[in-house]
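Take a look at the structure below.
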Amino acid sequence: MRFRFVLAALALTAMAAPVSAQQFDRAAAMERLMALDTNGDGAITRAEARAGREAMFSRADANGDGYLSPEERQGERQRPGAGRADTDGDGRVSRAEFLGQPYMIFDRIDADSDGVLSASELSAARARAGG
């Protein structure tokens with residue numbers, strides 16, 4: 001059960017597709033996760049995950065000022081831990097604060113801690129998620 005929650009959080013973080021826990025679709029989450037595999041090799045590197053996070057920030061930063069205001073963060077707030085991203089407490093989240101958040105879910109799936117979610121690790125994650 002906890003892993004399903006973790007997988008949901010990773011997919012939401014990666015692809016900026018906010019959904020409530022009741023609306024979560026494991027198959028769709030895995031599809032969004034796999035969309036991070038930009039070179040199509042069947043694995044997801046930490047660099048690919050970071051690129052996904054950067055794209056998410058850019059989409060959310062509607063006015064392009066390099067910060068997420070409370071209004072811009074409305075969708076992000078549905079993601080667990082989103083409030084902790086504002087590390088300096090100024091009421092907005094800078095690109096650095098956003099990108100500096102830990103990659104806890106990535107690290108959990110990365111069983112061998114090599115910085116790559118291999119095809120076998122992703123298959124295991126898919127199996128644990130029931131898909």
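We label chains A, B, ... in the order they appear in the structure tokens, count residues from 1 in each chain, and number ligands from 1 in the order shown.
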
For the contact check between stretch 38-72 of chain A and stretch 99-110 of chain A, emit one row per residue of stretch 38-72 of chain A within 9 Å, containing the shortest atom pair and the distance in Å rounded to one decimal, counting only C-alpha atoms, chain then rising number order, as a Markdown table.
| residue | atom | partner | partner_atom | distance |
| --- | --- | --- | --- | --- |
| A:Arg46 | CA | A:Phe106 | CA | 7.8 |
| A:Ala49 | CA | A:Phe106 | CA | 8.1 |
| A:Arg50 | CA | A:Leu99 | CA | 7.4 |
| A:Arg53 | CA | A:Leu99 | CA | 6.7 |
| A:Glu54 | CA | A:Leu99 | CA | 6.9 |
| A:Phe57 | CA | A:Leu99 | CA | 8.3 |

For the selection you just gave me, I'd like the residues written to a file as a short mmCIF file (atom, residue, chain, number, x, y, z; two decimals), in the first residue's frame, keeping C-alpha atoms.
data_model
loop_
_atom_site.label_atom_id
_atom_site.label_comp_id
_atom_site.auth_asym_id
_atom_site.auth_seq_id
_atom_site.Cartn_x
_atom_site.Cartn_y
_atom_site.Cartn_z
CA ARG A 46 18.50 10.70 -12.39
CA ALA A 49 14.08 12.55 -13.68
CA ARG A 50 15.60 15.98 -13.06
CA ARG A 53 11.14 18.03 -12.62
CA GLU A 54 12.54 21.05 -14.49
CA PHE A 57 8.52 23.74 -12.76
#

Long-range neighbours of A:Leu122 as number ranges by chain, 8 Å cut-off, only C-alpha atoms, 4 positions minimum in chain: A: 43, 109, 117-118, 126

Point out the residue among A:Asp25, A:Ala51, A:Arg92, A:Thr87 with the least atom-to-atom distance to A:Glu71, counting only C-alpha atoms.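 Checking each of A:Asp25, A:Ala51, A:Arg92, A:Thr87 against A:Glu71, counting only C-alpha atoms, the winner is A:Arg92.
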
Determine the nearest neighbour of A:Ala85 from the options A:Glu97, A:Glu121, A:Asp65, A:Asp41, counting only C-alpha atoms.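 Smallest distance to A:Ala85 is found for A:Glu97.
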
Work out how far apart atom CA of A:Leu36 and atom CA of A:Arg73 are and give it in Å to one decimal.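 Between atom CA of A:Leu36 and atom CA of A:Arg73 the gap works out to 21.7 Å.
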